[in-house]
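Below is target_17.cif, holding mmCIF, C-alpha atoms and all ligand atoms.
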data_data
#
loop_
_atom_site.label_atom_id
_atom_site.label_comp_id
_atom_site.auth_asym_id
_atom_site.auth_seq_id
_atom_site.Cartn_x
_atom_site.Cartn_y
_atom_site.Cartn_z
CA MET A 80 -74.10 -10.09 -185.45
CA ASN A 81 -76.65 -12.13 -183.49
CA THR A 82 -75.42 -15.73 -183.09
CA ASP A 83 -78.61 -17.00 -181.40
CA SER A 84 -80.67 -19.73 -183.11
CA HIS A 85 -84.19 -18.87 -184.24
CA ASN A 86 -85.68 -20.77 -181.29
CA ALA A 87 -83.45 -18.81 -178.89
CA ILE A 88 -84.69 -15.58 -180.53
CA VAL A 89 -88.31 -16.73 -180.04
CA SER A 90 -87.71 -17.57 -176.40
CA ASN A 91 -85.81 -14.31 -175.78
CA GLN A 92 -88.62 -12.30 -177.37
CA PHE A 93 -91.45 -13.90 -175.42
CA SER A 94 -89.97 -14.74 -172.02
CA PRO A 95 -89.56 -11.20 -170.65
CA MET A 96 -93.10 -10.34 -171.81
CA ALA A 97 -94.86 -13.48 -170.61
CA HIS A 98 -97.17 -11.67 -168.23
CA SER A 99 -98.22 -9.17 -170.96
CA TYR A 100 -99.49 -12.09 -173.02
CA LEU A 101 -101.63 -13.25 -170.12
CA THR A 102 -103.28 -9.83 -169.81
CA SER A 103 -103.36 -8.87 -173.52
CA PRO A 104 -107.03 -8.40 -174.58
CA VAL A 105 -106.13 -9.43 -178.16
CA HIS A 106 -104.99 -12.81 -176.82
CA ALA A 107 -107.37 -13.27 -173.89
CA ASN A 108 -110.55 -12.87 -175.96
CA GLY A 109 -111.70 -13.63 -179.45
CA ALA A 110 -114.45 -15.18 -181.51
CA ASP A 111 -111.91 -17.82 -182.52
CA LEU A 112 -111.63 -18.98 -178.88
CA ASP A 113 -115.43 -19.08 -178.59
CA GLN A 114 -115.63 -21.14 -181.77
CA MET A 115 -112.91 -23.48 -180.51
CA VAL A 116 -114.96 -24.10 -177.35
CA ASN A 117 -118.07 -24.85 -179.43
CA LEU A 118 -116.16 -27.24 -181.68
CA VAL A 119 -114.56 -29.14 -178.82
CA GLY A 120 -117.76 -29.23 -176.77
CA GLY A 121 -117.81 -31.40 -173.66
CA ARG A 122 -115.25 -34.25 -173.94
CA PRO A 123 -114.71 -35.34 -170.34
CA ASP A 124 -112.41 -38.22 -171.33
CA ALA A 125 -110.35 -36.31 -173.88
CA ILE A 126 -106.67 -35.41 -173.60
CA ALA A 127 -105.81 -32.12 -175.31
CA LEU A 128 -102.59 -30.40 -176.39
CA ASP A 129 -102.01 -26.65 -176.90
CA MET A 130 -98.94 -26.18 -179.15
CA GLY A 131 -97.26 -22.82 -178.49
CA CYS A 132 -99.59 -22.08 -175.60
CA GLY A 133 -98.09 -18.64 -174.86
CA GLY A 134 -100.08 -17.02 -172.03
CA GLY A 135 -102.43 -20.02 -172.07
CA HIS A 136 -105.71 -18.59 -173.34
CA ALA A 137 -106.62 -21.63 -175.45
CA THR A 138 -105.46 -23.91 -172.62
CA PHE A 139 -107.69 -22.14 -170.05
CA ARG A 140 -110.73 -22.42 -172.32
CA LEU A 141 -110.05 -26.11 -173.06
CA ALA A 142 -109.37 -27.21 -169.49
CA PRO A 143 -113.02 -27.24 -168.27
CA LEU A 144 -114.06 -29.25 -171.36
CA VAL A 145 -111.58 -32.13 -171.20
CA LYS A 146 -109.82 -34.49 -168.81
CA LYS A 147 -106.35 -32.99 -169.19
CA VAL A 148 -104.56 -30.30 -171.23
CA ALA A 149 -100.86 -30.32 -172.04
CA ALA A 150 -99.68 -26.71 -172.37
CA TYR A 151 -96.53 -26.77 -174.51
CA ASP A 152 -94.21 -23.88 -175.33
CA LEU A 153 -90.57 -22.97 -176.00
CA SER A 154 -90.57 -20.33 -173.29
CA GLU A 155 -90.17 -21.46 -169.66
CA SER A 156 -91.43 -18.06 -168.47
CA MET A 157 -94.65 -18.42 -170.46
CA LEU A 158 -95.16 -21.85 -168.93
CA THR A 159 -94.62 -20.50 -165.40
CA VAL A 160 -97.28 -17.85 -166.06
CA VAL A 161 -99.65 -20.54 -167.39
CA ALA A 162 -99.09 -22.84 -164.39
CA ASP A 163 -99.63 -19.97 -161.91
CA GLU A 164 -102.75 -18.74 -163.68
CA ALA A 165 -104.19 -22.27 -164.01
CA ARG A 166 -103.74 -22.69 -160.24
CA ARG A 167 -105.34 -19.28 -159.61
CA ARG A 168 -108.35 -20.33 -161.76
CA GLY A 169 -108.64 -23.68 -160.00
CA LEU A 170 -107.79 -25.61 -163.18
CA ASP A 171 -105.93 -28.62 -161.82
CA ASN A 172 -105.83 -30.57 -165.10
CA VAL A 173 -103.22 -28.40 -166.89
CA ALA A 174 -99.74 -29.91 -167.29
CA ILE A 175 -96.98 -27.67 -168.63
CA GLN A 176 -94.11 -28.95 -170.80
CA GLN A 177 -91.25 -27.02 -172.39
CA GLY A 178 -89.97 -27.70 -175.90
CA ALA A 179 -90.21 -26.96 -179.62
CA VAL A 180 -93.26 -27.96 -181.65
CA GLU A 181 -90.99 -29.46 -184.28
CA SER A 182 -90.13 -32.25 -181.83
CA LEU A 183 -92.93 -33.13 -179.42
CA PRO A 184 -92.07 -35.29 -176.39
CA TYR A 185 -95.36 -37.21 -176.56
CA PRO A 186 -96.15 -40.70 -177.90
CA SER A 187 -97.91 -41.09 -181.26
CA ALA A 188 -101.72 -40.99 -181.19
CA SER A 189 -101.85 -39.74 -177.59
CA PHE A 190 -104.22 -36.74 -177.94
CA ASP A 191 -107.90 -36.44 -178.83
CA VAL A 192 -107.69 -32.70 -179.48
CA VAL A 193 -104.70 -30.61 -180.57
CA VAL A 194 -104.93 -26.84 -180.94
CA SER A 195 -102.52 -24.09 -181.80
CA ARG A 196 -103.29 -20.36 -181.71
CA TYR A 197 -101.21 -17.38 -182.86
CA SER A 198 -98.03 -19.45 -182.67
CA ALA A 199 -97.37 -21.13 -186.05
CA HIS A 200 -96.21 -17.87 -187.67
CA HIS A 201 -93.18 -18.05 -185.34
CA TRP A 202 -92.28 -21.67 -186.12
CA GLN A 203 -89.00 -22.16 -187.92
CA ALA A 204 -90.25 -25.38 -189.55
CA VAL A 205 -94.03 -25.22 -189.84
CA SER A 206 -94.14 -28.47 -191.88
CA ALA A 207 -92.29 -30.31 -189.12
CA GLY A 208 -94.59 -28.80 -186.47
CA LEU A 209 -97.70 -29.90 -188.36
CA ALA A 210 -96.22 -33.37 -188.96
CA GLU A 211 -95.76 -33.63 -185.20
CA MET A 212 -99.32 -32.39 -184.65
CA ARG A 213 -100.57 -35.18 -186.89
CA ARG A 214 -98.32 -37.81 -185.27
CA VAL A 215 -99.61 -37.16 -181.74
CA LEU A 216 -103.29 -36.86 -182.73
CA LYS A 217 -105.40 -40.01 -182.47
CA PRO A 218 -107.18 -41.16 -185.64
CA GLY A 219 -110.58 -39.44 -185.52
CA GLY A 220 -109.13 -36.72 -183.27
CA LEU A 221 -109.64 -33.01 -183.89
CA ALA A 222 -106.94 -30.48 -184.81
CA ILE A 223 -107.74 -26.76 -184.61
CA CYS A 224 -105.28 -24.24 -186.04
CA MET A 225 -105.85 -20.54 -185.38
CA ASP A 226 -103.50 -17.86 -186.66
CA VAL A 227 -103.05 -14.56 -188.45
CA ILE A 228 -103.10 -15.21 -192.19
CA SER A 229 -101.67 -13.41 -195.17
CA PRO A 230 -104.18 -12.14 -197.73
CA GLY A 231 -102.04 -14.06 -200.26
CA GLU A 232 -101.79 -11.31 -202.88
CA PRO A 233 -98.07 -10.46 -203.24
CA LEU A 234 -98.51 -6.72 -202.60
CA LEU A 235 -100.48 -7.23 -199.38
CA ASP A 236 -98.39 -10.22 -198.32
CA THR A 237 -95.11 -8.28 -198.58
CA TRP A 238 -96.50 -5.39 -196.55
CA LEU A 239 -97.88 -7.64 -193.82
CA GLN A 240 -94.70 -9.70 -193.40
CA SER A 241 -92.56 -6.52 -193.44
CA LEU A 242 -94.54 -4.84 -190.66
CA GLU A 243 -94.50 -8.06 -188.63
CA LEU A 244 -90.75 -8.62 -189.02
CA LEU A 245 -89.87 -5.02 -188.17
CA ARG A 246 -91.93 -5.37 -185.03
CA ASP A 247 -90.57 -8.74 -183.97
CA PRO A 248 -87.52 -10.73 -185.17
CA SER A 249 -89.19 -13.98 -184.07
CA HIS A 250 -91.77 -13.56 -186.86
CA VAL A 251 -91.33 -16.14 -189.64
CA ARG A 252 -94.38 -15.97 -191.87
CA ASP A 253 -98.12 -15.45 -191.78
CA ALA A 254 -99.13 -18.19 -194.23
CA SER A 255 -102.06 -17.57 -196.56
CA LEU A 256 -105.15 -19.73 -196.32
CA GLY A 257 -104.04 -21.59 -199.45
CA GLU A 258 -100.62 -22.22 -197.90
CA TRP A 259 -102.25 -23.44 -194.67
CA CYS A 260 -104.41 -25.93 -196.55
CA GLY A 261 -101.40 -27.16 -198.56
CA LEU A 262 -99.29 -27.54 -195.40
CA LEU A 263 -102.05 -29.42 -193.56
CA CYS A 264 -102.66 -31.77 -196.50
CA ALA A 265 -98.92 -32.39 -196.87
CA ALA A 266 -98.80 -33.31 -193.15
CA GLY A 267 -101.54 -35.90 -193.70
CA PHE A 268 -104.58 -33.96 -192.53
CA ALA A 269 -107.96 -33.62 -194.18
CA VAL A 270 -109.02 -29.98 -193.88
CA GLY A 271 -112.49 -29.56 -192.40
CA THR A 272 -114.07 -26.15 -191.77
CA VAL A 273 -112.48 -22.76 -192.33
CA THR A 274 -113.69 -19.62 -190.52
CA LYS A 275 -112.16 -16.22 -191.15
CA PHE A 276 -112.11 -13.31 -188.72
CA ARG A 277 -110.73 -9.77 -188.71
CA LEU A 278 -108.50 -8.70 -185.81
CA ARG A 279 -107.72 -5.06 -185.00
CA LEU A 280 -104.21 -4.52 -183.65
CA GLU A 281 -103.90 -1.39 -181.57
CA PHE A 282 -100.51 0.05 -182.44
CA ALA A 283 -99.06 1.07 -179.04
CA PRO A 284 -99.72 -2.22 -177.20
CA TRP A 285 -98.79 -4.18 -180.34
CA VAL A 286 -95.23 -2.81 -180.32
CA GLU A 287 -94.97 -2.60 -176.51
CA ARG A 288 -95.76 -6.34 -176.17
CA MET A 289 -92.69 -7.18 -178.25
CA LYS A 290 -90.47 -4.39 -176.90
CA THR A 291 -89.95 -3.21 -180.48
CA PRO A 292 -86.96 -0.85 -180.53
CA GLU A 293 -87.77 2.82 -181.20
CA SER A 294 -85.85 2.74 -184.51
CA HIS A 295 -88.10 -0.07 -185.75
CA VAL A 296 -91.25 1.67 -184.50
CA THR A 297 -90.16 4.68 -186.56
CA ALA A 298 -89.54 2.44 -189.57
CA ILE A 299 -92.98 0.82 -189.26
CA ARG A 300 -94.69 4.23 -189.03
CA SER A 301 -92.63 5.51 -191.96
CA LEU A 302 -93.52 2.45 -194.07
CA GLN A 303 -97.20 2.85 -193.19
CA GLN A 304 -97.12 6.49 -194.28
CA ARG A 305 -95.71 5.46 -197.69
CA ALA A 306 -98.20 2.64 -198.27
CA GLY A 307 -100.55 2.93 -201.22
CA SER A 308 -104.31 3.01 -200.91
CA ASP A 309 -104.71 -0.71 -201.76
CA VAL A 310 -102.61 -1.51 -198.71
CA THR A 311 -104.00 1.10 -196.30
CA GLN A 312 -107.56 0.18 -197.21
CA TYR A 313 -107.06 -3.59 -196.96
CA PHE A 314 -105.44 -3.36 -193.55
CA ALA A 315 -107.71 -0.49 -192.44
CA MET A 316 -104.64 1.50 -191.35
CA GLU A 317 -105.42 4.23 -188.86
CA ASP A 318 -103.66 7.52 -188.12
CA ASP A 319 -102.04 6.14 -184.96
CA GLY A 320 -100.65 3.08 -186.81
CA SER A 321 -103.32 0.64 -185.62
CA PHE A 322 -104.39 -1.77 -188.34
CA THR A 323 -106.56 -4.83 -188.95
CA VAL A 324 -105.45 -8.27 -190.11
CA ASP A 325 -107.17 -11.47 -191.19
CA THR A 326 -107.14 -14.46 -188.88
CA VAL A 327 -108.46 -17.95 -189.43
CA LEU A 328 -109.64 -21.01 -187.55
CA ILE A 329 -109.13 -24.23 -189.50
CA THR A 330 -110.26 -27.64 -188.33
CA ALA A 331 -108.48 -30.75 -189.57
CA GLU A 332 -108.61 -34.47 -188.99
CA VAL A 333 -106.04 -37.19 -189.45
CA MET A 334 -106.35 -38.99 -192.78
CA GLY A 335 -105.89 -42.76 -192.51
CA ASN A 336 -103.88 -44.51 -189.81
CA ASN A 337 -100.98 -42.54 -188.32
CA LEU A 338 -99.31 -45.39 -186.45
C1 LIG B 1 -98.30 -15.11 -179.46
S1 LIG B 1 -97.82 -16.38 -178.37
C2 LIG B 1 -99.16 -17.55 -178.38
C3 LIG B 1 -100.45 -17.06 -177.84
C4 LIG B 1 -101.34 -18.11 -177.22
N1 LIG B 1 -101.39 -19.36 -177.95
C5 LIG B 1 -102.75 -17.52 -177.03
O1 LIG B 1 -103.72 -18.10 -177.51
O2 LIG B 1 -102.85 -16.48 -176.38
C6 LIG B 1 -96.72 -17.38 -179.36
C7 LIG B 1 -96.09 -18.48 -178.53
O3 LIG B 1 -95.56 -19.48 -179.42
C8 LIG B 1 -94.39 -19.97 -178.83
N2 LIG B 1 -93.58 -20.60 -179.89
C9 LIG B 1 -93.09 -20.01 -180.99
N3 LIG B 1 -92.40 -20.88 -181.73
C10 LIG B 1 -92.46 -22.08 -181.07
C11 LIG B 1 -91.95 -23.36 -181.33
N4 LIG B 1 -91.22 -23.61 -182.43
N5 LIG B 1 -92.18 -24.34 -180.43
C12 LIG B 1 -92.91 -24.09 -179.30
N6 LIG B 1 -93.42 -22.88 -179.00
C13 LIG B 1 -93.21 -21.89 -179.88
C14 LIG B 1 -93.73 -18.75 -178.21
O4 LIG B 1 -92.79 -19.10 -177.22
C15 LIG B 1 -94.91 -17.99 -177.67
O5 LIG B 1 -95.17 -18.28 -176.32
#

Kindly return the structure encoded in the file as structure tokens.
Ligand SMILES: C[S@@+](CC[C@H](N)C(=O)[O-])C[C@H]1O[C@@H](n2cnc3c(N)ncnc32)[C@H](O)[C@@H]1O
Amino acid sequence: MNTDSHNAIVSNQFSPMAHSYLTSPVHANGADLDQMVNLVGGRPDAIALDMGCGGGHATFRLAPLVKKVAAYDLSESMLTVVADEARRRGLDNVAIQQGAVESLPYPSASFDVVVSRYSAHHWQAVSAGLAEMRRVLKPGGLAICMDVISPGEPLLDTWLQSLELLRDPSHVRDASLGEWCGLLCAAGFAVGTVTKFRLRLEFAPWVERMKTPESHVTAIRSLQQRAGSDVTQYFAMEDDGSFTVDTVLITAEVMGNNL
């Protein structure tokens, strides 16, 4: 039996693969990143935070727009990759910090922009993470949440979470858009704009990035072969196991005074 905590499982999953997340095309590019850049625009005096920065792709796109970016993650190895790559790119305004999103080591109302991308579905306590996001954001500041989302329908939801969990034990839950809005409101945010995207996951790199054991790869392929047409069509499942998921970018602002 595994006696590790969930956060230890997350760190153990990501740390050995930190460099793969830097080079992964799925993570390095995306219309969501382009939209994030447009939304943030030029804010030369702003301080930004990237919660669950992983290989740092949101951090690297934010850094030229703002005064300083705090790149925050559970995994020390991810942070080392981010610091090295920031140096290589000549981005001298990136400060790394290790820790869990559920307990941020920053003062209240200390950031103008807070983003999080492809990380929240690993958080053990997403409500606590979003409460911390709200606490550290200045009134009038901008929060941008980007993640894979569940289609919401029970049939499709169960299939998505099952494939994700078989691939990676650090997966907690792809929330639906409705769940995201409820969680953000409960944390004290006013939801702004919502933009949906589709993201194709190429099967071989998708399992290689998480070092999915062969037995689980076989289980995923077996499940996919038994899926009904509603599921295969929704996720555009391909013969090699590649499939397509929904992602979202949600903007939110702090409601009222958070001090
Ligand atoms: C898929 S990677 C993030 C990708 C990255 N944000 C990007 O845009 O390319 C997920 C990251 O979230 C981090 N993470 C997961 N749960 C976390 C938590 N509770 N606190 C802090 N970081 C967490 C993991 O360590 C991992 O580096």

Could you give me, as JSON lines, every chain A residue with an atom at most 6 Å from ligand LIG 1 (chain B), plus its closest atom pair and distance in Å to one decimal, counting all atoms listed in the file, rows ordered by chain then number?
{"residue": "A:Val89", "atom": "CA", "partner": "B:LIG1", "partner_atom": "O4", "distance": 5.8}
{"residue": "A:Ser90", "atom": "CA", "partner": "B:LIG1", "partner_atom": "O4", "distance": 5.4}
{"residue": "A:Phe93", "atom": "CA", "partner": "B:LIG1", "partner_atom": "O4", "distance": 5.7}
{"residue": "A:His106", "atom": "CA", "partner": "B:LIG1", "partner_atom": "O2", "distance": 4.3}
{"residue": "A:Gly131", "atom": "CA", "partner": "B:LIG1", "partner_atom": "O3", "distance": 3.9}
{"residue": "A:Cys132", "atom": "CA", "partner": "B:LIG1", "partner_atom": "N1", "distance": 4.0}
{"residue": "A:Gly133", "atom": "CA", "partner": "B:LIG1", "partner_atom": "O5", "distance": 3.3}
{"residue": "A:Gly134", "atom": "CA", "partner": "B:LIG1", "partner_atom": "O2", "distance": 5.2}
{"residue": "A:Gly135", "atom": "CA", "partner": "B:LIG1", "partner_atom": "C5", "distance": 5.6}
{"residue": "A:His136", "atom": "CA", "partner": "B:LIG1", "partner_atom": "O1", "distance": 4.6}
{"residue": "A:Ala137", "atom": "CA", "partner": "B:LIG1", "partner_atom": "O1", "distance": 5.0}
{"residue": "A:Asp152", "atom": "CA", "partner": "B:LIG1", "partner_atom": "N6", "distance": 3.9}
{"residue": "A:Leu153", "atom": "CA", "partner": "B:LIG1", "partner_atom": "N6", "distance": 4.1}
{"residue": "A:Ser154", "atom": "CA", "partner": "B:LIG1", "partner_atom": "O4", "distance": 4.7}
{"residue": "A:Met157", "atom": "CA", "partner": "B:LIG1", "partner_atom": "O5", "distance": 5.9}
{"residue": "A:Gly178", "atom": "CA", "partner": "B:LIG1", "partner_atom": "C12", "distance": 5.8}
{"residue": "A:Ala179", "atom": "CA", "partner": "B:LIG1", "partner_atom": "N5", "distance": 3.4}
{"residue": "A:Val180", "atom": "CA", "partner": "B:LIG1", "partner_atom": "N5", "distance": 4.0}
{"residue": "A:Arg196", "atom": "CA", "partner": "B:LIG1", "partner_atom": "N1", "distance": 4.3}
{"residue": "A:Tyr197", "atom": "CA", "partner": "B:LIG1", "partner_atom": "C2", "distance": 4.9}
{"residue": "A:Ser198", "atom": "CA", "partner": "B:LIG1", "partner_atom": "O3", "distance": 4.1}
{"residue": "A:His201", "atom": "CA", "partner": "B:LIG1", "partner_atom": "N3", "distance": 4.7}
{"residue": "A:Trp202", "atom": "CA", "partner": "B:LIG1", "partner_atom": "N4", "distance": 4.3}

Report summary line: Taken to one decimal, the atom CA of Val105 of chain A-atom CA of Ala162 of chain A distance is 20.5 Å

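Straight-line separation from atom CA of Ala97 of chain A to atom CA of Phe282 of chain A: 18.8 Å.
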
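Taking all atoms listed in the file into account, Ala265 of chain A lies nearest to A:Val333 out of the set A:Ala142, A:Ile228, A:Val333, A:Ala149.
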
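The coordinates place atom CA of Ser156 of chain A at 5.1 Å from atom CA of Ser94 of chain A.
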
Query raised in the report: Nearest to Ile329 of chain A among A:Gly231, A:Pro95, A:Gly257, A:Gly109, with distances taken over only C-alpha atoms: which residue is it?
Result: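 Ranking A:Gly231, A:Pro95, A:Gly257, A:Gly109 by distance to Ile329 of chain A, first place goes to A:Gly257.
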
Query raised in the report: Pick the closest to Val192 of chain A from A:Met225, A:Ala107, A:Leu118, A:Ile88: which is it, counting all atoms listed in the file?
Result: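 Distance minimum relative to Val192 of chain A lands on A:Leu118.
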
**Report entry** Lys290 of chain A environment, 9 Å, only C-alpha atoms, sequence neighbours closer than 6 positions dropped, as a ChimeraX atom specification
**Finding:** /A:92,96,246-247

Query raised in the report: Which polymer residues have any atom within 12 Å of an atom of Glu317 of chain A, counting all atoms listed in the file, with same-chain residues fewer than 3 positions away left out, as number ranges by chain?
Result: A: 279-282, 300, 303-304, 306, 310-314, 320-323

Query raised in the report: What's the 6 Å shell around Ala331 of chain A, counting only C-alpha atoms, without same-chain residues fewer than 5 positions away, as an MDAnalysis selection string?
Result: chainID A and resid 222 268:271

Query - Gly267 of chain A surroundings by all atoms listed in the file, 8 Å radius, close-in-sequence under 3 positions cut, as a VMD selection string - result: chain A and resid 210 213 263 to 264 333 to 334

Please determine an axis-aligned box that encloses all atoms of segment 143-160 of chain A listed in the file, with 8 Å added on each side, and express its centre and edge lengths in Å to one decimal as AutoDock Vina command-line options.
--center_x -102.1 --center_y -26.2 --center_z -170.7 --size_x 39.9 --size_y 32.6 --size_z 26.6
